[in-house]
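**Student:** Submitted below is the structure of interest, expressed as structure tokens.
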There are 2 protein chains.
Amino acid sequence: MKDCTQCIIRNRAVCVGLETDELAVLGRLGRKQKFSKGQTIFWEGDDAVVVANVIEGVLKVSMSMSDGREQIVGIVFSSDFIGRPFGQQSLHSVTALTDAELCIFSRSTFNNFARQHPELEHKLLRRTLNELDRAHEWMLRLGKKTATERIATLLLEMSVRLGETGCTVDNGALDAFELPLDRQQIGDVLGLTIETVSRQLSRLKADGVIHLPDRRTVAIRDRARLQYLSAAA
Amino acid sequence: MKDCTQCIIRNRAVCVGLETDELAVLGRLGRKQKFSKGQTIFWEGDDAVVVANVIEGVLKVSMSMSDGREQIVGIVFSSDFIGRPFGQQSLHSVTALTDAELCIFSRSTFNNFARQHPELEHKLLRRTLNELDRAHEWMLRLGKKTATERIATLLLEMSVRLGETGCTVDNGALDAFELPLDRQQIGDVLGLTIETVSRQLSRLKADGVIHLPDRRTVAIRDRARLQYLSAAA
DNA sequence: CGATGTCTTGAGTCCCGTCAATGCACGTGG
DNA sequence: CCACGTGCATTGACGGGACTCAAGACATCG
């Protein structure tokens, strides 16, 4: 990596707040790498050898059971951080849902650098606390919500998070967007089967709440109603 | 707080690693406070004004929806940390499941102290990462597991975590323990109704996997089978 | 134009939720 | 000591929402 100061996620990733010279050091420790849609960055159970910043793209974080059931426990976007610093094994896999570009560090290298740069650890802490909040909200969804509520909640969240991925901070929720997930993956996020997902989406479409121009595209036609259906806490 | 060096969670809480003099400063910033079973430390939606270490007791971390549905998103034990540093609002409530004693700090005071003590922030980061791992495992449970699997998993986890609460690190899983949760709360952890919980427990008892001497006590008679039923990932 | 993978739709089933009654432990007061 | 009330927990009957199984529609690509 030649010049982190020009990085498009410079102001949003964990590296924000580092001095120019520190950034230069960090830059020399990492490398950029591209992954294509469907590629897995690392597997559940692997020794957690790498951590990374997401420069571009959308990736899923997932866990699975021995019989093959899979749960997606997180979706990460541009400027998010992946991997498990200060740990031995990663409990989850990370897979690219779209073509993606990452800024990769070996875990031990990153650990060492982080321990010498409290500002970086602080940013990482804040980020992890936010992730924990989000995980808790997902647990509420999975534990207590109906299929319709789950779908509505996910659509709203995707419209917000996909809207955030631009460089500015304050661009609002999108009314139309392309889902980076197929039906199976939506099911794996929400704890539903592919058929239930499909039926729920069809119903929302029939009710005029959303429009589905093609398999991957969602257009929100009645955001207020979708919000109501999501039973927002 | 007079003397943190004598604290029973001295070697397990986030304060581990602080020098004696730093510990003395931190000690003056906090105060010990007792809560009785059922008392709520802070509410979801409140301004997050306090954070705390759990000295003694078991507490639940929960979120709820406007219509009253409640999901327990975490259970915390002795030496765990509660509250939301570096945030404005707490997204969850924390309530004592047993009589408990906490070491409480105002959030802003703690934030300031933490920012000046990277070692403390580091410990907090590790702890938060562990919590995130645990949250992910819970998501897998809630999203993909059957009622039987969820109950079995919870019983095993409780047997382990209740076994850890002693001062030494390496005491193993307990074969008999008192649940700090009533049936409703078990349901709120697992995303099940009270009746389903009851039926599942009765069935495990009838099958000889566990024994239920009284409402709150669980004795594991066949751990291997319980492990099998939990469909451990 | 088939071949393939993904999505949708339908029919039937089952697990869990709902509603309701009963059981059990504990406490209080007659 | 027993009658009674209260709070949980258990158990049963029933219904519904999501899963399962299976077929059909649709798009993409060779």
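We label chains A, B, ... in the order they appear in the structure tokens, count residues from 1 in each chain, and number ligands from 1 in the order shown.
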Could the residues of chain B within 12 Å of chain C, counting only C-alpha atoms (C1' of nucleotides), be given as number ranges by chain, please?
**Tutor:** B: 146-148, 191-197, 199-200, 214-215
**Student:** Within stretch 80-188 of chain B, find each residue whose DSSP state, derived from the backbone, is strand (DSSP E or B), and express the selection as an MDAnalysis selection string.
**Tutor:** chainID B and resid 81:82 89 93:96 100:106 176:178
**Student:** Would you write out chain A as a PDB file with C-alpha atoms, in the first residue's frame, after superposing it on chain B by least squares over all in-order Cα pairs?
**Tutor:**
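What ended up in part16.pdb:
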ATOM      1  CA  MET A   1     -14.315   2.052  47.527  1.00  0.00           C
ATOM      2  CA  LYS A   2     -11.447   1.816  49.884  1.00  0.00           C
ATOM      3  CA  ASP A   3      -9.138  -0.777  48.491  1.00  0.00           C
ATOM      4  CA  CYS A   4      -9.432  -2.285  45.022  1.00  0.00           C
ATOM      5  CA  THR A   5      -6.411  -4.493  45.615  1.00  0.00           C
ATOM      6  CA  GLN A   6      -8.569  -6.632  47.893  1.00  0.00           C
ATOM      7  CA  CYS A   7     -11.462  -6.851  45.438  1.00  0.00           C
ATOM      8  CA  ILE A   8     -12.607 -10.412  44.822  1.00  0.00           C
ATOM      9  CA  ILE A   9     -12.760  -9.807  41.091  1.00  0.00           C
ATOM     10  CA  ARG A  10      -9.411  -8.026  41.075  1.00  0.00           C
ATOM     11  CA  ASN A  11      -7.853 -10.608  38.784  1.00  0.00           C
ATOM     12  CA  ARG A  12     -10.744 -11.160  36.418  1.00  0.00           C
ATOM     13  CA  ALA A  13     -12.410  -7.809  35.773  1.00  0.00           C
ATOM     14  CA  VAL A  14     -11.313  -5.130  33.303  1.00  0.00           C
ATOM     15  CA  CYS A  15      -9.232  -3.522  36.042  1.00  0.00           C
ATOM     16  CA  VAL A  16      -6.704  -6.350  35.866  1.00  0.00           C
ATOM     17  CA  GLY A  17      -3.369  -5.014  34.689  1.00  0.00           C
ATOM     18  CA  LEU A  18      -3.663  -1.574  36.248  1.00  0.00           C
ATOM     19  CA  GLU A  19      -0.807  -0.493  38.488  1.00  0.00           C
ATOM     20  CA  THR A  20      -1.530  -0.153  42.176  1.00  0.00           C
ATOM     21  CA  ASP A  21      -1.536   3.646  42.089  1.00  0.00           C
ATOM     22  CA  GLU A  22      -3.808   3.764  39.021  1.00  0.00           C
ATOM     23  CA  LEU A  23      -6.095   1.310  40.709  1.00  0.00           C
ATOM     24  CA  ALA A  24      -6.285   3.623  43.685  1.00  0.00           C
ATOM     25  CA  VAL A  25      -7.389   6.465  41.436  1.00  0.00           C
ATOM     26  CA  LEU A  26      -9.995   4.321  39.737  1.00  0.00           C
ATOM     27  CA  GLY A  27     -11.189   3.118  43.113  1.00  0.00           C
ATOM     28  CA  ARG A  28     -11.899   6.691  44.184  1.00  0.00           C
ATOM     29  CA  LEU A  29     -13.977   7.273  41.032  1.00  0.00           C
ATOM     30  CA  GLY A  30     -16.323   4.373  41.636  1.00  0.00           C
ATOM     31  CA  ARG A  31     -18.613   3.203  44.357  1.00  0.00           C
ATOM     32  CA  LYS A  32     -19.964  -0.147  45.399  1.00  0.00           C
ATOM     33  CA  GLN A  33     -23.681  -0.601  45.372  1.00  0.00           C
ATOM     34  CA  LYS A  34     -25.948  -3.529  46.147  1.00  0.00           C
ATOM     35  CA  PHE A  35     -29.053  -4.407  44.212  1.00  0.00           C
ATOM     36  CA  SER A  36     -31.655  -6.925  45.147  1.00  0.00           C
ATOM     37  CA  LYS A  37     -33.140  -9.549  42.876  1.00  0.00           C
ATOM     38  CA  GLY A  38     -35.495  -8.011  40.351  1.00  0.00           C
ATOM     39  CA  GLN A  39     -34.109  -4.496  40.609  1.00  0.00           C
ATOM     40  CA  THR A  40     -33.191  -2.768  37.372  1.00  0.00           C
ATOM     41  CA  ILE A  41     -29.849  -0.990  37.175  1.00  0.00           C
ATOM     42  CA  PHE A  42     -30.763   1.045  34.114  1.00  0.00           C
ATOM     43  CA  TRP A  43     -33.420   1.027  31.430  1.00  0.00           C
ATOM     44  CA  GLU A  44     -33.349   0.668  27.699  1.00  0.00           C
ATOM     45  CA  GLY A  45     -33.560   4.114  26.143  1.00  0.00           C
ATOM     46  CA  ASP A  46     -32.154   5.868  29.200  1.00  0.00           C
ATOM     47  CA  ASP A  47     -29.207   8.122  28.778  1.00  0.00           C
ATOM     48  CA  ALA A  48     -26.334   5.771  29.440  1.00  0.00           C
ATOM     49  CA  VAL A  49     -25.115   7.477  32.591  1.00  0.00           C
ATOM     50  CA  VAL A  50     -23.428   4.571  34.340  1.00  0.00           C
ATOM     51  CA  VAL A  51     -21.170   1.647  33.641  1.00  0.00           C
ATOM     52  CA  ALA A  52     -20.178  -0.994  36.171  1.00  0.00           C
ATOM     53  CA  ASN A  53     -18.255  -4.102  37.022  1.00  0.00           C
ATOM     54  CA  VAL A  54     -20.254  -6.980  38.411  1.00  0.00           C
ATOM     55  CA  ILE A  55     -18.714  -7.950  41.728  1.00  0.00           C
ATOM     56  CA  GLU A  56     -21.251 -10.538  42.699  1.00  0.00           C
ATOM     57  CA  GLY A  57     -24.497 -11.863  41.262  1.00  0.00           C
ATOM     58  CA  VAL A  58     -26.158 -12.634  37.954  1.00  0.00           C
ATOM     59  CA  LEU A  59     -27.903 -10.045  35.794  1.00  0.00           C
ATOM     60  CA  LYS A  60     -29.806 -10.058  32.531  1.00  0.00           C
ATOM     61  CA  VAL A  61     -29.313  -7.705  29.613  1.00  0.00           C
ATOM     62  CA  SER A  62     -32.524  -7.312  27.666  1.00  0.00           C
ATOM     63  CA  MET A  63     -34.231  -5.429  24.870  1.00  0.00           C
ATOM     64  CA  SER A  64     -37.923  -5.119  24.283  1.00  0.00           C
ATOM     65  CA  MET A  65     -40.386  -4.141  21.609  1.00  0.00           C
ATOM     66  CA  SER A  66     -43.107  -1.560  21.957  1.00  0.00           C
ATOM     67  CA  ASP A  67     -45.772  -4.254  22.324  1.00  0.00           C
ATOM     68  CA  GLY A  68     -43.982  -5.793  25.276  1.00  0.00           C
ATOM     69  CA  ARG A  69     -42.169  -8.713  23.680  1.00  0.00           C
ATOM     70  CA  GLU A  70     -38.825  -9.039  25.433  1.00  0.00           C
ATOM     71  CA  GLN A  71     -35.592 -10.642  24.349  1.00  0.00           C
ATOM     72  CA  ILE A  72     -32.768 -11.322  26.764  1.00  0.00           C
ATOM     73  CA  VAL A  73     -29.582 -10.621  24.808  1.00  0.00           C
ATOM     74  CA  GLY A  74     -27.058 -11.409  27.480  1.00  0.00           C
ATOM     75  CA  ILE A  75     -26.504 -12.811  30.936  1.00  0.00           C
ATOM     76  CA  VAL A  76     -23.660 -11.368  32.944  1.00  0.00           C
ATOM     77  CA  PHE A  77     -21.822 -12.838  35.877  1.00  0.00           C
ATOM     78  CA  SER A  78     -19.283 -11.862  38.466  1.00  0.00           C
ATOM     79  CA  SER A  79     -16.370  -9.896  36.935  1.00  0.00           C
ATOM     80  CA  ASP A  80     -18.303  -9.005  33.778  1.00  0.00           C
ATOM     81  CA  PHE A  81     -18.715  -5.427  32.656  1.00  0.00           C
ATOM     82  CA  ILE A  82     -22.046  -3.735  31.992  1.00  0.00           C
ATOM     83  CA  GLY A  83     -23.115  -0.482  30.406  1.00  0.00           C
ATOM     84  CA  ARG A  84     -22.236   1.283  27.218  1.00  0.00           C
ATOM     85  CA  PRO A  85     -19.074   3.383  27.379  1.00  0.00           C
ATOM     86  CA  PHE A  86     -18.624   5.941  24.590  1.00  0.00           C
ATOM     87  CA  GLY A  87     -22.291   5.966  23.728  1.00  0.00           C
ATOM     88  CA  GLN A  88     -25.210   8.266  24.289  1.00  0.00           C
ATOM     89  CA  GLN A  89     -28.062   5.916  24.993  1.00  0.00           C
ATOM     90  CA  SER A  90     -28.185   2.393  26.228  1.00  0.00           C
ATOM     91  CA  LEU A  91     -30.094   0.168  23.860  1.00  0.00           C
ATOM     92  CA  HIS A  92     -30.792  -2.390  26.541  1.00  0.00           C
ATOM     93  CA  SER A  93     -31.880  -2.705  30.147  1.00  0.00           C
ATOM     94  CA  VAL A  94     -29.894  -4.447  32.851  1.00  0.00           C
ATOM     95  CA  THR A  95     -31.761  -6.161  35.663  1.00  0.00           C
ATOM     96  CA  ALA A  96     -30.553  -8.219  38.610  1.00  0.00           C
ATOM     97  CA  LEU A  97     -31.611 -11.866  38.466  1.00  0.00           C
ATOM     98  CA  THR A  98     -30.132 -12.522  41.888  1.00  0.00           C
ATOM     99  CA  ASP A  99     -29.062 -10.178  44.628  1.00  0.00           C
ATOM    100  CA  ALA A 100     -26.023  -8.454  43.219  1.00  0.00           C
ATOM    101  CA  GLU A 101     -23.225  -6.093  44.059  1.00  0.00           C
ATOM    102  CA  LEU A 102     -21.788  -3.747  41.475  1.00  0.00           C
ATOM    103  CA  CYS A 103     -18.842  -1.416  41.257  1.00  0.00           C
ATOM    104  CA  ILE A 104     -20.377   1.603  39.574  1.00  0.00           C
ATOM    105  CA  PHE A 105     -18.853   4.509  37.652  1.00  0.00           C
ATOM    106  CA  SER A 106     -20.449   7.436  35.945  1.00  0.00           C
ATOM    107  CA  ARG A 107     -20.041   6.875  32.247  1.00  0.00           C
ATOM    108  CA  SER A 108     -18.234  10.108  31.509  1.00  0.00           C
ATOM    109  CA  THR A 109     -15.848   9.642  34.423  1.00  0.00           C
ATOM    110  CA  PHE A 110     -15.080   6.135  33.316  1.00  0.00           C
ATOM    111  CA  ASN A 111     -14.659   7.245  29.705  1.00  0.00           C
ATOM    112  CA  ASN A 112     -12.122   9.836  30.696  1.00  0.00           C
ATOM    113  CA  PHE A 113     -10.175   7.469  32.875  1.00  0.00           C
ATOM    114  CA  ALA A 114     -10.220   4.775  30.200  1.00  0.00           C
ATOM    115  CA  ARG A 115      -8.951   7.122  27.508  1.00  0.00           C
ATOM    116  CA  GLN A 116      -5.955   7.879  29.679  1.00  0.00           C
ATOM    117  CA  HIS A 117      -5.267   4.225  30.422  1.00  0.00           C
ATOM    118  CA  PRO A 118      -4.766   2.227  27.233  1.00  0.00           C
ATOM    119  CA  GLU A 119      -4.299  -0.954  29.219  1.00  0.00           C
ATOM    120  CA  LEU A 120      -7.810  -0.634  30.551  1.00  0.00           C
ATOM    121  CA  GLU A 121      -9.237   0.057  27.113  1.00  0.00           C
ATOM    122  CA  HIS A 122      -7.373  -2.925  25.808  1.00  0.00           C
ATOM    123  CA  LYS A 123      -8.948  -5.184  28.415  1.00  0.00           C
ATOM    124  CA  LEU A 124     -12.317  -3.720  27.615  1.00  0.00           C
ATOM    125  CA  LEU A 125     -11.750  -4.355  23.923  1.00  0.00           C
ATOM    126  CA  ARG A 126     -10.891  -8.001  24.506  1.00  0.00           C
ATOM    127  CA  ARG A 127     -13.919  -8.397  26.674  1.00  0.00           C
ATOM    128  CA  THR A 128     -16.180  -6.778  24.102  1.00  0.00           C
ATOM    129  CA  LEU A 129     -14.790  -8.987  21.349  1.00  0.00           C
ATOM    130  CA  ASN A 130     -15.558 -12.038  23.478  1.00  0.00           C
ATOM    131  CA  GLU A 131     -19.062 -10.781  24.070  1.00  0.00           C
ATOM    132  CA  LEU A 132     -19.510 -10.313  20.362  1.00  0.00           C
ATOM    133  CA  ASP A 133     -18.438 -13.911  19.759  1.00  0.00           C
ATOM    134  CA  ARG A 134     -20.939 -15.046  22.315  1.00  0.00           C
ATOM    135  CA  ALA A 135     -23.667 -12.913  20.769  1.00  0.00           C
ATOM    136  CA  HIS A 136     -22.946 -14.489  17.398  1.00  0.00           C
ATOM    137  CA  GLU A 137     -23.295 -17.950  18.870  1.00  0.00           C
ATOM    138  CA  TRP A 138     -26.603 -16.935  20.340  1.00  0.00           C
ATOM    139  CA  MET A 139     -27.742 -15.694  16.962  1.00  0.00           C
ATOM    140  CA  LEU A 140     -26.974 -19.090  15.482  1.00  0.00           C
ATOM    141  CA  ARG A 141     -29.046 -20.622  18.227  1.00  0.00           C
ATOM    142  CA  LEU A 142     -31.982 -18.293  17.739  1.00  0.00           C
ATOM    143  CA  GLY A 143     -31.944 -18.473  13.976  1.00  0.00           C
ATOM    144  CA  LYS A 144     -31.352 -22.094  13.250  1.00  0.00           C
ATOM    145  CA  LYS A 145     -31.930 -24.305  16.243  1.00  0.00           C
ATOM    146  CA  THR A 146     -35.002 -26.240  17.358  1.00  0.00           C
ATOM    147  CA  ALA A 147     -36.531 -25.848  20.798  1.00  0.00           C
ATOM    148  CA  THR A 148     -34.790 -28.948  22.134  1.00  0.00           C
ATOM    149  CA  GLU A 149     -31.421 -27.839  20.808  1.00  0.00           C
ATOM    150  CA  ARG A 150     -31.825 -24.394  22.330  1.00  0.00           C
ATOM    151  CA  ILE A 151     -32.683 -25.729  25.758  1.00  0.00           C
ATOM    152  CA  ALA A 152     -29.829 -28.216  25.702  1.00  0.00           C
ATOM    153  CA  THR A 153     -27.383 -25.527  24.616  1.00  0.00           C
ATOM    154  CA  LEU A 154     -28.509 -23.156  27.349  1.00  0.00           C
ATOM    155  CA  LEU A 155     -28.227 -25.767  30.078  1.00  0.00           C
ATOM    156  CA  LEU A 156     -24.715 -26.615  28.986  1.00  0.00           C
ATOM    157  CA  GLU A 157     -23.701 -22.979  28.803  1.00  0.00           C
ATOM    158  CA  MET A 158     -25.116 -22.230  32.230  1.00  0.00           C
ATOM    159  CA  SER A 159     -23.313 -25.208  33.706  1.00  0.00           C
ATOM    160  CA  VAL A 160     -20.054 -23.856  32.323  1.00  0.00           C
ATOM    161  CA  ARG A 161     -20.524 -20.195  33.153  1.00  0.00           C
ATOM    162  CA  LEU A 162     -21.817 -20.770  36.646  1.00  0.00           C
ATOM    163  CA  GLY A 163     -18.784 -22.977  37.176  1.00  0.00           C
ATOM    164  CA  GLU A 164     -16.469 -20.159  36.158  1.00  0.00           C
ATOM    165  CA  THR A 165     -17.662 -17.656  38.703  1.00  0.00           C
ATOM    166  CA  GLY A 166     -15.357 -18.880  41.451  1.00  0.00           C
ATOM    167  CA  CYS A 167     -12.053 -17.164  41.964  1.00  0.00           C
ATOM    168  CA  THR A 168      -9.921 -19.722  40.218  1.00  0.00           C
ATOM    169  CA  VAL A 169     -10.052 -19.919  36.474  1.00  0.00           C
ATOM    170  CA  ASP A 170     -10.071 -23.611  35.785  1.00  0.00           C
ATOM    171  CA  ASN A 171     -12.979 -25.008  37.708  1.00  0.00           C
ATOM    172  CA  GLY A 172     -14.960 -27.045  35.258  1.00  0.00           C
ATOM    173  CA  ALA A 173     -18.600 -27.288  34.293  1.00  0.00           C
ATOM    174  CA  LEU A 174     -21.052 -27.991  37.063  1.00  0.00           C
ATOM    175  CA  ASP A 175     -23.264 -31.051  36.961  1.00  0.00           C
ATOM    176  CA  ALA A 176     -25.818 -29.517  39.271  1.00  0.00           C
ATOM    177  CA  PHE A 177     -26.650 -25.864  39.602  1.00  0.00           C
ATOM    178  CA  GLU A 178     -29.385 -23.439  40.436  1.00  0.00           C
ATOM    179  CA  LEU A 179     -30.777 -21.571  37.449  1.00  0.00           C
ATOM    180  CA  PRO A 180     -30.855 -17.822  38.025  1.00  0.00           C
ATOM    181  CA  LEU A 181     -33.726 -17.675  35.505  1.00  0.00           C
ATOM    182  CA  ASP A 182     -37.373 -18.556  35.832  1.00  0.00           C
ATOM    183  CA  ARG A 183     -39.228 -20.255  32.976  1.00  0.00           C
ATOM    184  CA  GLN A 184     -40.371 -17.009  31.425  1.00  0.00           C
ATOM    185  CA  GLN A 185     -36.821 -15.696  31.370  1.00  0.00           C
ATOM    186  CA  ILE A 186     -35.501 -18.893  29.821  1.00  0.00           C
ATOM    187  CA  GLY A 187     -38.097 -18.360  27.122  1.00  0.00           C
ATOM    188  CA  ASP A 188     -36.957 -14.775  26.685  1.00  0.00           C
ATOM    189  CA  VAL A 189     -33.378 -15.926  26.239  1.00  0.00           C
ATOM    190  CA  LEU A 190     -34.189 -18.641  23.743  1.00  0.00           C
ATOM    191  CA  GLY A 191     -37.022 -17.053  21.801  1.00  0.00           C
ATOM    192  CA  LEU A 192     -39.541 -19.593  23.072  1.00  0.00           C
ATOM    193  CA  THR A 193     -42.725 -19.455  25.131  1.00  0.00           C
ATOM    194  CA  ILE A 194     -42.899 -20.498  28.721  1.00  0.00           C
ATOM    195  CA  GLU A 195     -44.957 -23.538  27.822  1.00  0.00           C
ATOM    196  CA  THR A 196     -42.464 -24.789  25.277  1.00  0.00           C
ATOM    197  CA  VAL A 197     -39.648 -24.374  27.777  1.00  0.00           C
ATOM    198  CA  SER A 198     -41.576 -26.331  30.361  1.00  0.00           C
ATOM    199  CA  ARG A 199     -42.422 -29.120  27.958  1.00  0.00           C
ATOM    200  CA  GLN A 200     -38.861 -29.454  26.747  1.00  0.00           C
ATOM    201  CA  LEU A 201     -37.508 -29.609  30.276  1.00  0.00           C
ATOM    202  CA  SER A 202     -40.107 -32.198  31.210  1.00  0.00           C
ATOM    203  CA  ARG A 203     -39.128 -34.302  28.234  1.00  0.00           C
ATOM    204  CA  LEU A 204     -35.414 -34.110  29.064  1.00  0.00           C
ATOM    205  CA  LYS A 205     -36.288 -35.178  32.578  1.00  0.00           C
ATOM    206  CA  ALA A 206     -38.491 -38.037  31.395  1.00  0.00           C
ATOM    207  CA  ASP A 207     -35.695 -39.201  29.108  1.00  0.00           C
ATOM    208  CA  GLY A 208     -33.287 -39.268  32.037  1.00  0.00           C
ATOM    209  CA  VAL A 209     -30.996 -36.623  30.562  1.00  0.00           C
ATOM    210  CA  ILE A 210     -31.460 -34.230  33.435  1.00  0.00           C
ATOM    211  CA  HIS A 211     -32.988 -34.229  36.867  1.00  0.00           C
ATOM    212  CA  LEU A 212     -35.103 -31.399  38.254  1.00  0.00           C
ATOM    213  CA  PRO A 213     -35.171 -31.608  42.050  1.00  0.00           C
ATOM    214  CA  ASP A 214     -37.031 -28.314  42.249  1.00  0.00           C
ATOM    215  CA  ARG A 215     -38.099 -25.452  40.001  1.00  0.00           C
ATOM    216  CA  ARG A 216     -34.752 -23.754  39.929  1.00  0.00           C
ATOM    217  CA  THR A 217     -32.310 -26.608  40.212  1.00  0.00           C
ATOM    218  CA  VAL A 218     -30.955 -28.590  37.293  1.00  0.00           C
ATOM    219  CA  ALA A 219     -28.783 -31.683  37.567  1.00  0.00           C
ATOM    220  CA  ILE A 220     -27.197 -33.019  34.422  1.00  0.00           C
ATOM    221  CA  ARG A 221     -27.323 -36.815  34.449  1.00  0.00           C
ATOM    222  CA  ASP A 222     -26.121 -37.533  30.928  1.00  0.00           C
ATOM    223  CA  ARG A 223     -23.896 -34.741  29.718  1.00  0.00           C
ATOM    224  CA  ALA A 224     -22.856 -36.558  26.555  1.00  0.00           C
ATOM    225  CA  ARG A 225     -26.457 -36.960  25.480  1.00  0.00           C
ATOM    226  CA  LEU A 226     -27.225 -33.342  26.334  1.00  0.00           C
ATOM    227  CA  GLN A 227     -24.274 -32.311  24.215  1.00  0.00           C
ATOM    228  CA  TYR A 228     -25.589 -34.433  21.375  1.00  0.00           C
ATOM    229  CA  LEU A 229     -29.056 -32.923  21.701  1.00  0.00           C
ATOM    230  CA  SER A 230     -27.592 -29.416  21.655  1.00  0.00           C
ATOM    231  CA  ALA A 231     -26.336 -30.081  18.114  1.00  0.00           C
ATOM    232  CA  ALA A 232     -23.118 -28.277  19.076  1.00  0.00           C
ATOM    233  CA  ALA A 233     -21.819 -26.581  15.982  1.00  0.00           C
TER     234      ALA A 233
END
**Student:** Can you check which residues of stretch 22-62 of chain A DSSP gives as helix (DSSP H, G or I) on the backbone and send them as a ChimeraX atom specification?
**Tutor:** /A:22-29
**Student:** Each residue of chain D lying at most 10 Å from chain B should get a row with its shortest atom-to-atom pair and the distance in Å to one decimal, counting only C-alpha atoms (C1' of nucleotides); could you produce that, ordered by chain and increasing number, as JSON lines?
**Tutor:**
{"residue": "D:DC8", "atom": "C1'", "partner": "B:Arg183", "partner_atom": "CA", "distance": 8.5}
{"residue": "D:DA9", "atom": "C1'", "partner": "B:Ser198", "partner_atom": "CA", "distance": 7.4}
{"residue": "D:DT10", "atom": "C1'", "partner": "B:Ser198", "partner_atom": "CA", "distance": 6.9}
{"residue": "D:DT11", "atom": "C1'", "partner": "B:Arg199", "partner_atom": "CA", "distance": 8.3}
**Student:** Next, dump the selected residues to file, keeping only N, CA and C atoms (P, O5', C5', C4', C3', O3' and C1' of nucleotides), as a CSV table (one decimal), in the first residue's frame.
**Tutor:**
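Written out: out-v8.csv:
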chain,number,residue,atom,x,y,z
D,8,DC,P,-44.3,-14.7,40.0
D,8,DC,O5',-43.9,-16.0,39.1
D,8,DC,C5',-44.7,-17.1,39.2
D,8,DC,C4',-43.8,-18.4,39.4
D,8,DC,C3',-43.3,-19.0,38.1
D,8,DC,O3',-42.2,-19.8,38.3
D,8,DC,C1',-45.2,-20.2,39.0
D,9,DA,P,-41.4,-20.4,37.1
D,9,DA,O5',-42.1,-21.8,36.9
D,9,DA,C5',-42.1,-22.7,38.0
D,9,DA,C4',-42.9,-24.0,37.7
D,9,DA,C3',-42.6,-24.5,36.3
D,9,DA,O3',-42.2,-25.9,36.4
D,9,DA,C1',-44.9,-24.3,36.6
D,10,DT,P,-41.9,-26.8,35.2
D,10,DT,O5',-43.2,-27.6,34.9
D,10,DT,C5',-43.8,-28.4,36.0
D,10,DT,C4',-45.1,-28.9,35.5
D,10,DT,C3',-45.2,-29.7,34.2
D,10,DT,O3',-45.6,-31.0,34.5
D,10,DT,C1',-46.9,-28.2,34.3
D,11,DT,P,-45.5,-32.2,33.5
D,11,DT,O5',-46.9,-32.2,32.8
D,11,DT,C5',-48.1,-32.3,33.5
D,11,DT,C4',-49.3,-32.0,32.6
D,11,DT,C3',-49.3,-32.6,31.2
D,11,DT,O3',-50.3,-33.6,31.1
D,11,DT,C1',-50.0,-30.4,31.2
